[in-house]
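Source file: data-v7.tsv; contents: TSV, C-alpha atoms and all ligand atoms.
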chain	number	residue	atom	x	y	z
C	1	MET	CA	-228.39	173.28	50.77
C	2	PRO	CA	-231.06	173.82	53.40
C	3	THR	CA	-234.36	174.73	51.86
C	4	ASP	CA	-236.55	177.78	52.36
C	5	ASN	CA	-237.79	178.12	55.92
C	6	ARG	CA	-241.34	178.77	54.84
C	7	GLN	CA	-241.63	175.07	54.15
C	8	LEU	CA	-241.07	174.37	57.83
C	9	THR	CA	-243.84	172.73	59.72
C	10	THR	CA	-244.89	174.24	63.02
C	11	ASP	CA	-243.72	171.15	64.86
C	12	SER	CA	-240.19	172.49	64.39
C	13	GLN	CA	-238.69	172.67	67.87
C	14	HIS	CA	-236.74	175.83	67.41
C	15	ILE	CA	-238.82	178.73	66.13
C	16	LEU	CA	-238.03	182.10	67.66
C	17	THR	CA	-241.02	183.93	69.10
C	18	ALA	CA	-241.57	187.66	68.85
C	19	ASN	CA	-241.11	187.94	72.64
C	20	GLU	CA	-237.67	186.38	72.40
C	21	LEU	CA	-236.66	188.70	69.60
C	22	ILE	CA	-237.68	191.94	71.34
C	23	SER	CA	-235.25	191.34	74.19
C	24	LEU	CA	-232.54	191.93	71.60
C	25	THR	CA	-234.06	194.63	69.45
C	26	GLY	CA	-235.37	196.79	72.28
C	27	HIS	CA	-238.97	196.94	71.04
C	28	GLN	CA	-241.47	197.35	73.84
C	29	LYS	CA	-244.02	194.80	72.71
C	30	ALA	CA	-244.09	191.68	70.57
C	31	GLY	CA	-246.82	193.31	68.47
C	32	ASP	CA	-244.47	196.18	67.55
C	33	ILE	CA	-241.83	193.97	66.01
C	34	LEU	CA	-244.38	191.77	64.26
C	35	LYS	CA	-245.45	194.84	62.28
C	36	SER	CA	-241.98	194.85	60.69
C	37	PHE	CA	-242.68	191.57	58.90
C	38	ASP	CA	-244.86	190.42	56.08
C	39	LYS	CA	-247.31	187.78	57.40
C	40	LYS	CA	-246.20	185.37	54.69
C	41	ASP	CA	-242.70	185.37	56.21
C	42	LEU	CA	-244.00	184.32	59.65
C	43	LEU	CA	-245.33	181.06	60.98
C	44	LYS	CA	-248.46	180.55	63.04
C	45	MET	CA	-247.50	178.41	66.03
C	46	PRO	CA	-249.75	176.03	67.95
C	47	GLY	CA	-251.62	178.22	70.44
C	48	GLY	CA	-251.92	181.10	67.97
C	49	LYS	CA	-248.58	182.89	68.57
C	50	TRP	CA	-246.48	184.00	65.62
C	51	GLY	CA	-243.10	182.38	65.14
C	52	ILE	CA	-240.30	184.09	63.26
C	53	PRO	CA	-238.43	181.65	61.00
C	54	ALA	CA	-234.65	181.84	60.79
C	55	GLN	CA	-234.65	183.20	57.22
C	56	THR	CA	-236.98	186.04	58.22
C	57	VAL	CA	-234.74	186.88	61.18
C	58	LYS	CA	-231.70	186.79	58.89
C	59	ALA	CA	-233.23	189.20	56.39
C	60	TYR	CA	-234.23	191.57	59.24
C	61	PHE	CA	-230.82	191.36	60.97
C	62	SER	CA	-228.86	191.66	57.73
C	63	GLU	CA	-230.59	194.97	57.01
C	64	ARG	CA	-229.41	196.14	60.44
C	65	GLY	CA	-225.78	195.24	59.84
C	66	VAL	CA	-225.45	191.84	61.54
C	67	ASP	CA	-222.40	190.09	60.08
C	68	TYR	CA	-223.20	186.67	58.63
C	69	SER	CA	-219.77	186.16	57.08
C	70	PHE	CA	-218.44	182.63	57.58
C	71	LYS	CA	-216.99	181.72	60.99
C	72	VAL	CA	-215.63	178.62	62.70
C	73	VAL	CA	-216.07	178.40	66.47
C	74	ALA	CA	-214.58	175.53	68.49
C	75	HIS	CA	-215.25	174.47	72.08
C	76	ILE	CA	-212.07	173.05	73.56
C	77	ASN	CA	-210.85	172.05	77.01
C	78	LEU	CA	-208.78	168.97	77.61
C	79	LYS	CA	-210.76	168.33	80.76
C	80	GLY	CA	-214.13	166.57	80.35
C	81	GLY	CA	-217.39	167.74	81.89
C	82	THR	CA	-216.72	171.47	81.56
C	83	GLY	CA	-219.64	172.20	79.21
C	84	LYS	CA	-218.12	171.82	75.71
C	85	THR	CA	-220.97	169.74	74.33
C	86	THR	CA	-223.67	171.70	76.14
C	87	SER	CA	-222.22	174.95	74.81
C	88	THR	CA	-221.91	173.54	71.27
C	89	ILE	CA	-225.48	172.30	70.99
C	90	SER	CA	-227.07	175.27	72.79
C	91	ALA	CA	-225.10	177.87	70.84
C	92	ALA	CA	-225.75	176.10	67.54
C	93	VAL	CA	-229.50	176.11	68.05
C	94	ARG	CA	-229.58	179.73	69.13
C	95	ALA	CA	-227.34	180.87	66.29
C	96	MET	CA	-229.61	179.04	63.85
C	97	GLN	CA	-232.63	180.79	65.35
C	98	TYR	CA	-230.85	184.10	64.76
C	99	GLY	CA	-230.55	183.23	61.08
C	100	PHE	CA	-227.08	181.65	60.89
C	101	ARG	CA	-226.99	178.58	58.66
C	102	THR	CA	-225.17	176.42	61.15
C	103	CYS	CA	-223.32	173.12	61.01
C	104	ILE	CA	-222.09	171.24	64.06
C	105	LEU	CA	-218.94	169.19	63.59
C	106	ASP	CA	-218.93	166.51	66.22
C	107	MET	CA	-215.24	165.62	66.63
C	108	ASP	CA	-215.64	163.67	69.86
C	109	PRO	CA	-215.57	159.88	69.36
C	110	GLN	CA	-218.02	159.71	72.27
C	111	GLY	CA	-220.56	161.44	70.02
C	112	ASN	CA	-222.42	163.25	72.79
C	113	ALA	CA	-223.53	166.11	70.54
C	114	SER	CA	-224.84	163.57	68.01
C	115	LEU	CA	-226.65	161.75	70.80
C	116	ALA	CA	-228.19	164.97	72.09
C	117	PHE	CA	-229.91	165.46	68.73
C	118	ASP	CA	-230.65	161.76	68.33
C	119	ARG	CA	-228.40	161.60	65.27
C	120	ILE	CA	-226.09	158.70	66.13
C	121	PRO	CA	-224.50	157.44	62.92
C	122	GLU	CA	-225.27	153.95	61.65
C	123	GLU	CA	-222.28	151.71	61.05
C	124	ASP	CA	-221.93	152.66	57.36
C	125	ASP	CA	-222.68	156.37	57.72
C	126	PRO	CA	-219.66	158.52	56.87
C	127	ILE	CA	-218.23	160.56	59.75
C	128	PHE	CA	-215.31	163.00	59.95
C	129	CYS	CA	-212.59	160.34	59.59
C	130	ASP	CA	-214.20	159.27	56.28
C	131	VAL	CA	-214.97	162.76	55.02
C	132	TRP	CA	-211.84	164.85	55.55
C	133	GLN	CA	-209.85	163.29	52.72
C	134	ASN	CA	-212.45	164.25	50.14
C	135	PRO	CA	-214.82	166.81	51.62
C	136	ALA	CA	-216.00	168.24	48.28
C	137	GLU	CA	-217.52	164.89	47.32
C	138	MET	CA	-218.45	163.61	50.74
C	139	ILE	CA	-219.62	166.39	52.96
C	140	MET	CA	-223.21	167.00	51.88
C	141	GLY	CA	-224.08	163.30	51.86
C	142	SER	CA	-222.67	162.94	55.38
C	143	LEU	CA	-224.55	165.74	57.11
C	144	ARG	CA	-227.73	165.02	59.05
C	145	ALA	CA	-230.44	167.64	59.24
C	146	ILE	CA	-231.71	168.73	62.65
C	147	GLU	CA	-233.69	171.68	61.29
C	148	GLU	CA	-233.74	173.34	57.87
C	149	ASN	CA	-230.77	175.49	58.78
C	150	LEU	CA	-229.09	173.32	61.38
C	151	HIS	CA	-227.05	170.28	60.39
C	152	ILE	CA	-224.59	167.99	62.11
C	153	LEU	CA	-221.73	165.81	60.97
C	154	PRO	CA	-222.22	163.16	63.63
C	155	SER	CA	-219.46	161.24	65.35
C	156	SER	CA	-218.82	157.74	66.64
C	157	LEU	CA	-215.94	155.72	68.05
C	158	GLU	CA	-214.35	155.34	64.60
C	159	ASN	CA	-213.23	158.96	64.84
C	160	SER	CA	-210.56	157.67	67.25
C	161	LEU	CA	-208.79	156.62	64.04
C	162	LEU	CA	-207.98	160.28	63.49
C	163	ASP	CA	-205.03	159.97	65.85
C	164	VAL	CA	-203.45	157.58	63.35
C	165	GLN	CA	-204.81	159.19	60.16
C	166	LEU	CA	-203.55	162.63	61.12
C	167	MET	CA	-200.12	161.72	62.44
C	168	ASN	CA	-198.51	163.84	59.75
C	169	PRO	CA	-198.55	167.50	60.89
C	170	ALA	CA	-199.28	168.74	57.35
C	171	LEU	CA	-202.52	166.76	57.41
C	172	GLN	CA	-203.38	168.10	60.86
C	173	LYS	CA	-203.12	171.60	59.47
C	174	HIS	CA	-205.55	170.95	56.63
C	175	ALA	CA	-208.06	168.27	57.69
C	176	VAL	CA	-210.64	170.32	59.65
C	177	ARG	CA	-209.94	173.44	57.63
C	178	GLY	CA	-210.65	171.55	54.38
C	179	VAL	CA	-214.03	170.40	55.67
C	180	CYS	CA	-214.90	173.88	56.93
C	181	ASP	CA	-213.92	175.47	53.60
C	182	GLU	CA	-216.29	173.10	51.88
C	183	LEU	CA	-219.11	173.93	54.29
C	184	LYS	CA	-218.54	177.59	53.53
C	185	LYS	CA	-218.83	176.86	49.79
C	186	LYS	CA	-222.08	175.01	50.45
C	187	GLY	CA	-223.60	178.12	51.99
C	188	PHE	CA	-223.18	177.67	55.74
C	189	ASP	CA	-222.52	180.81	57.80
C	190	LEU	CA	-221.25	179.14	60.93
C	191	VAL	CA	-219.50	175.93	61.95
C	192	ILE	CA	-219.47	175.02	65.63
C	193	ILE	CA	-217.08	172.26	66.63
C	194	ASP	CA	-217.44	170.03	69.67
C	195	CYS	CA	-214.06	168.59	70.66
C	196	PRO	CA	-213.09	165.58	72.74
C	197	PRO	CA	-211.49	166.18	76.15
C	198	SER	CA	-207.94	165.82	74.87
C	199	LEU	CA	-205.32	167.66	72.91
C	200	GLY	CA	-205.01	164.92	70.29
C	201	THR	CA	-204.69	165.35	66.54
C	202	ALA	CA	-208.39	166.11	65.98
C	203	VAL	CA	-208.15	169.00	68.42
C	204	ILE	CA	-204.88	170.25	66.93
C	205	SER	CA	-206.50	170.20	63.50
C	206	THR	CA	-209.52	172.05	64.92
C	207	ILE	CA	-207.28	174.76	66.40
C	208	CYS	CA	-205.75	175.24	62.93
C	209	ALA	CA	-209.22	175.84	61.44
C	210	ALA	CA	-210.91	177.92	64.15
C	211	ASP	CA	-211.55	181.64	63.97
C	212	VAL	CA	-212.67	181.53	67.60
C	213	VAL	CA	-211.77	179.02	70.31
C	214	VAL	CA	-213.99	179.05	73.36
C	215	ILE	CA	-212.68	177.27	76.43
C	216	PRO	CA	-215.54	176.32	78.73
C	217	LEU	CA	-214.44	175.86	82.33
C	218	CYS	CA	-216.12	175.38	85.66
C	219	SER	CA	-215.00	175.82	89.22
C	220	ASP	CA	-213.08	172.59	89.68
C	221	ILE	CA	-209.32	172.82	89.78
C	222	PHE	CA	-208.86	170.34	86.91
C	223	SER	CA	-210.94	172.30	84.45
C	224	MET	CA	-208.91	175.42	85.28
C	225	LYS	CA	-205.71	173.51	84.76
C	226	GLY	CA	-207.17	172.16	81.51
C	227	ALA	CA	-207.90	175.73	80.40
C	228	LYS	CA	-204.34	176.85	81.16
C	229	LEU	CA	-202.88	173.96	79.14
C	230	THR	CA	-205.33	174.57	76.30
C	231	LEU	CA	-204.33	178.25	76.13
C	232	SER	CA	-200.62	177.45	75.95
C	233	GLU	CA	-201.24	174.66	73.44
C	234	ILE	CA	-203.13	177.06	71.15
C	235	SER	CA	-200.19	179.44	71.02
C	236	SER	CA	-197.60	176.70	70.46
C	237	ILE	CA	-199.68	175.07	67.70
C	238	CYS	CA	-200.19	178.38	65.91
C	239	GLU	CA	-196.50	179.15	66.21
C	240	ALA	CA	-195.50	175.73	64.89
C	241	PHE	CA	-197.89	175.97	61.92
C	242	HIS	CA	-197.24	179.68	61.28
C	243	LEU	CA	-200.89	180.53	61.77
C	244	GLU	CA	-202.59	183.63	63.07
C	245	PRO	CA	-203.90	182.55	66.51
C	246	PRO	CA	-207.70	182.35	66.80
C	247	VAL	CA	-209.63	184.72	69.01
C	248	THR	CA	-209.68	182.92	72.35
C	249	ASP	CA	-212.46	183.25	74.92
C	250	ILE	CA	-213.10	181.62	78.26
C	251	LEU	CA	-216.67	180.71	79.18
C	252	TYR	CA	-217.36	180.12	82.85
C	253	THR	CA	-219.98	177.38	83.16
C	254	LYS	CA	-222.01	175.84	85.98
C	255	PHE	CA	-221.86	179.03	88.00
C	256	ASP	CA	-223.81	178.92	91.25
C	257	LYS	CA	-223.84	182.09	93.32
C	258	ARG	CA	-224.97	180.13	96.40
C	259	VAL	CA	-221.81	178.02	96.39
C	260	LYS	CA	-218.71	179.67	97.82
C	261	THR	CA	-216.20	177.71	95.72
C	262	SER	CA	-218.08	178.68	92.58
C	263	VAL	CA	-218.03	182.40	93.48
C	264	ASN	CA	-214.36	182.26	94.49
C	265	ALA	CA	-213.42	180.48	91.28
C	266	LEU	CA	-215.20	183.14	89.23
C	267	HIS	CA	-213.21	185.86	91.05
C	268	GLN	CA	-209.98	184.00	90.45
C	269	ILE	CA	-210.69	183.49	86.76
C	270	SER	CA	-211.79	187.11	86.36
C	271	SER	CA	-208.44	188.33	87.63
C	272	GLU	CA	-206.25	185.66	86.04
C	273	TYR	CA	-207.91	185.62	82.61
C	274	GLN	CA	-209.46	189.06	82.47
C	275	GLU	CA	-208.74	189.58	78.78
C	276	PHE	CA	-210.23	186.21	77.78
C	277	LEU	CA	-213.27	185.90	80.02
C	278	ILE	CA	-216.69	186.22	78.38
C	279	PRO	CA	-218.59	188.57	80.69
C	280	VAL	CA	-221.59	186.24	80.96
C	281	PRO	CA	-221.24	183.12	83.12
C	282	ILE	CA	-223.53	180.18	82.40
C	283	ARG	CA	-225.44	179.42	85.57
C	284	THR	CA	-226.08	175.92	86.87
C	285	SER	CA	-229.51	174.81	85.82
C	286	ALA	CA	-231.51	171.59	86.00
C	287	GLU	CA	-232.91	172.43	82.54
C	288	PHE	CA	-229.83	170.93	80.88
C	289	SER	CA	-230.39	167.42	82.23
C	290	LYS	CA	-234.13	167.78	81.60
C	291	ALA	CA	-233.36	168.63	77.97
C	292	ILE	CA	-230.96	165.71	77.53
C	293	GLU	CA	-233.54	163.29	78.87
C	294	LYS	CA	-236.02	164.48	76.25
C	295	LYS	CA	-233.36	164.52	73.48
C	296	LYS	CA	-233.96	168.23	73.12
C	297	THR	CA	-231.97	171.37	73.75
C	298	VAL	CA	-232.94	173.90	76.40
C	299	PHE	CA	-234.27	176.14	73.62
C	300	ALA	CA	-236.88	173.53	72.77
C	301	LEU	CA	-238.18	173.41	76.36
C	302	LYS	CA	-241.19	175.53	77.27
C	303	GLY	CA	-240.99	178.65	79.43
C	304	LYS	CA	-238.28	181.02	80.56
C	305	SER	CA	-235.10	179.69	82.15
C	306	SER	CA	-231.65	180.88	83.16
C	307	ALA	CA	-230.28	178.21	80.79
C	308	LYS	CA	-231.93	179.86	77.78
C	309	GLU	CA	-231.13	183.34	79.01
C	310	ASP	CA	-227.41	182.61	79.53
C	311	TYR	CA	-226.80	180.79	76.25
C	312	ASP	CA	-228.74	183.50	74.44
C	313	LYS	CA	-226.35	186.09	75.92
C	314	TYR	CA	-223.37	183.90	75.03
C	315	VAL	CA	-224.45	183.68	71.40
C	316	ARG	CA	-225.10	187.40	71.21
C	317	TYR	CA	-221.59	187.98	72.54
C	318	LEU	CA	-220.00	185.41	70.26
C	319	LEU	CA	-221.70	186.68	67.12
C	320	LYS	CA	-221.56	190.31	68.16
C	321	LEU	CA	-225.30	190.78	67.80
C	322	ASP	CA	-225.86	193.36	70.51
C	323	SER	CA	-223.71	196.01	68.86
C	324	ASN	CA	-226.21	196.19	66.01
C	325	PHE	CA	-229.16	197.03	68.22
C	326	LYS	CA	-229.41	199.98	70.50
C	327	ARG	CA	-232.15	199.79	73.09
C	328	GLY	CA	-235.37	201.24	71.75
C	329	GLU	CA	-234.27	201.14	68.12
C	330	LYS	CA	-237.02	200.19	65.70
A	1	LIG	N1	-224.73	175.10	83.24
A	1	LIG	C1	-224.95	173.82	83.55
A	1	LIG	N2	-225.77	173.51	84.59
A	1	LIG	C2	-226.01	172.23	84.93
A	1	LIG	N3	-225.49	171.17	84.30
A	1	LIG	C3	-224.67	171.41	83.25
A	1	LIG	C4	-224.36	172.73	82.82
A	1	LIG	N4	-223.52	172.65	81.76
A	1	LIG	C5	-223.33	171.34	81.54
A	1	LIG	N5	-224.01	170.59	82.44
A	1	LIG	C6	-224.02	169.13	82.56
A	1	LIG	O1	-222.70	168.69	82.87
A	1	LIG	C7	-222.39	167.49	82.19
A	1	LIG	C8	-221.15	167.70	81.36
A	1	LIG	O2	-221.40	168.70	80.38
A	1	LIG	P1	-220.88	168.54	78.89
A	1	LIG	O3	-221.39	169.68	78.12
A	1	LIG	O4	-221.20	167.18	78.38
A	1	LIG	O5	-219.30	168.67	79.12
A	1	LIG	P2	-218.10	168.29	78.17
A	1	LIG	O6	-218.62	168.22	76.77
A	1	LIG	O7	-217.09	169.36	78.37
A	1	LIG	O8	-217.59	166.96	78.64
A	1	LIG	C9	-223.62	167.14	81.37
A	1	LIG	O9	-224.37	166.21	82.08
A	1	LIG	C10	-224.37	168.45	81.25
A	1	LIG	O10	-225.77	168.28	81.13
A	2	MG	MG	-218.47	166.59	75.40

Reformat the file's structure so that it appears as structure tokens.
Amino acid sequence: MPTDNRQLTTDSQHILTANELISLTGHQKAGDILKSFDKKDLLKMPGGKWGIPAQTVKAYFSERGVDYSFKVVAHINLKGGTGKTTSTISAAVRAMQYGFRTCILDMDPQGNASLAFDRIPEEDDPIFCDVWQNPAEMIMGSLRAIEENLHILPSSLENSLLDVQLMNPALQKHAVRGVCDELKKKGFDLVIIDCPPSLGTAVISTICAADVVVIPLCSDIFSMKGAKLTLSEISSICEAFHLEPPVTDILYTKFDKRVKTSVNALHQISSEYQEFLIPVPIRTSAEFSKAIEKKKTVFALKGKSSAKEDYDKYVRYLLKLDSNFKRGEK
């Protein structure tokens, strides 16, 4: 299992700063919240600022009622380019910073999430299609560390074999769930799954395992159609397998208030999918392509950005963090 965060070096890309934390807790100044911690539980960052390691955040949040019980979140839309991978990698990093021991399952044979973290599997490295039949034995040796508390089961083209391997519906029901159950046993709090743009067997199996399905969509007509089909597929799969349907959310991505079609689409989605829509759209930002170029996530880039702000709000919504902090609470 991931080791103690105090062993982290300060070149870790993803240490939360006190300033980032106070936007959630309602403290007025970074100095105020730093007083809540023992110095030995903090990290001195380059430039002299204090960083707050994930384990320290977890201890602090746990005392304030944040729920770290195990969850599986999947990003699904049968249309490509809607922000599934971006949402997976950004949410995973932020959740880890907030103390969730997080594992990304890359289920897309294109392996974009693996690529984003520079964790492309070598030819002999086990990936999901090798692991699901014996997760208890295989899973820990197959994960790649990104940070102490952030791991990924990377993906490559061989995962296309899943369409053949999981032809039997009974296997579809158990494959992803079996892997997630094992990750829970190994001490992870959160699994975030990045799905391919299809409704193939890997996605069906993911739907059977997910507590929450988030459907990212943007303003183009195809991604909205994809969302509609994904929603109806979720209910038919759960009916067929006699499963409680997952919580389903819609995340509007690539929102640009200067573009009329983007604003109109948001209005349309708000009225059509009112009960599903996450009340925070993700704005269009050049930070995402900048991050990909550097093989980083937006949270590893310097300075404030709408990209960080929006995915921070998304994670707070997803993990219900805000309800534990009233503004001004110490
Ligand atoms: N909010 C955003 N603003 C700008 N570009 C974005 C945003 N979200 C995603 N992108 C870009 O759009 C492209 C597709 O996003 P991606 O997350 O890979 O979609 P999917 O996984 O659904 O195919 C990527 O190049 C990504 O960097
Ligand atoms: Mg993708």

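Proximity to C:Thr206 was assessed for C:Ala30, C:Leu231, C:Leu301, C:Ala74 counting only C-alpha atoms; the smallest distance is recorded for C:Ala74.
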
### Message
Within 10 Å of (-242.9, 193.0, 66.8) in the file's own coordinates, which protein, DNA or RNA residues have an atom, counting only C-alpha atoms? List them as a ChimeraX atom specification.
### Response
/C:17-19,21-22,25,27-37,50,52,330

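Closest approach to ligand LIG 1 (chain A) among C:Leu16, C:Val191, C:Val315, C:Val214 is made by C:Val214 (distances from only C-alpha atoms and all ligand atoms).
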
### Query
Between atom CA of C:Leu251 and atom CA of C:Ile127, what is the spacing in Å?
28.0 Å

### Message
Can you work out which residues are within 10 Å of ligand MG 2 (chain A), considering only C-alpha atoms and all ligand atoms, and then hand them over as a VMD selection string?
### Response
chain C and resid 75 to 77 79 to 88 106 to 113 194 to 197

### Query
Between atom CA of C:Ala300 and atom CA of C:Met96, what is the distance, to one decimal in Å?
12.8 Å

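Among C:Ile250, C:Leu157, C:Ala291, C:Ile237, the residue with the shortest atom-to-atom distance to C:Ala116, counting all atoms listed in the file, is C:Ala291.
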
#### Entry: For C:Glu287: contacts at 8 Å, all atoms listed in the file, fewer than 5 positions along chain excluded, given as JSON, numbers by chain
{"C": [298, 305, 307]}

### Query
So how far away is atom CA of C:Val247 from atom CA of C:Gly187, in Å?
23.0 Å
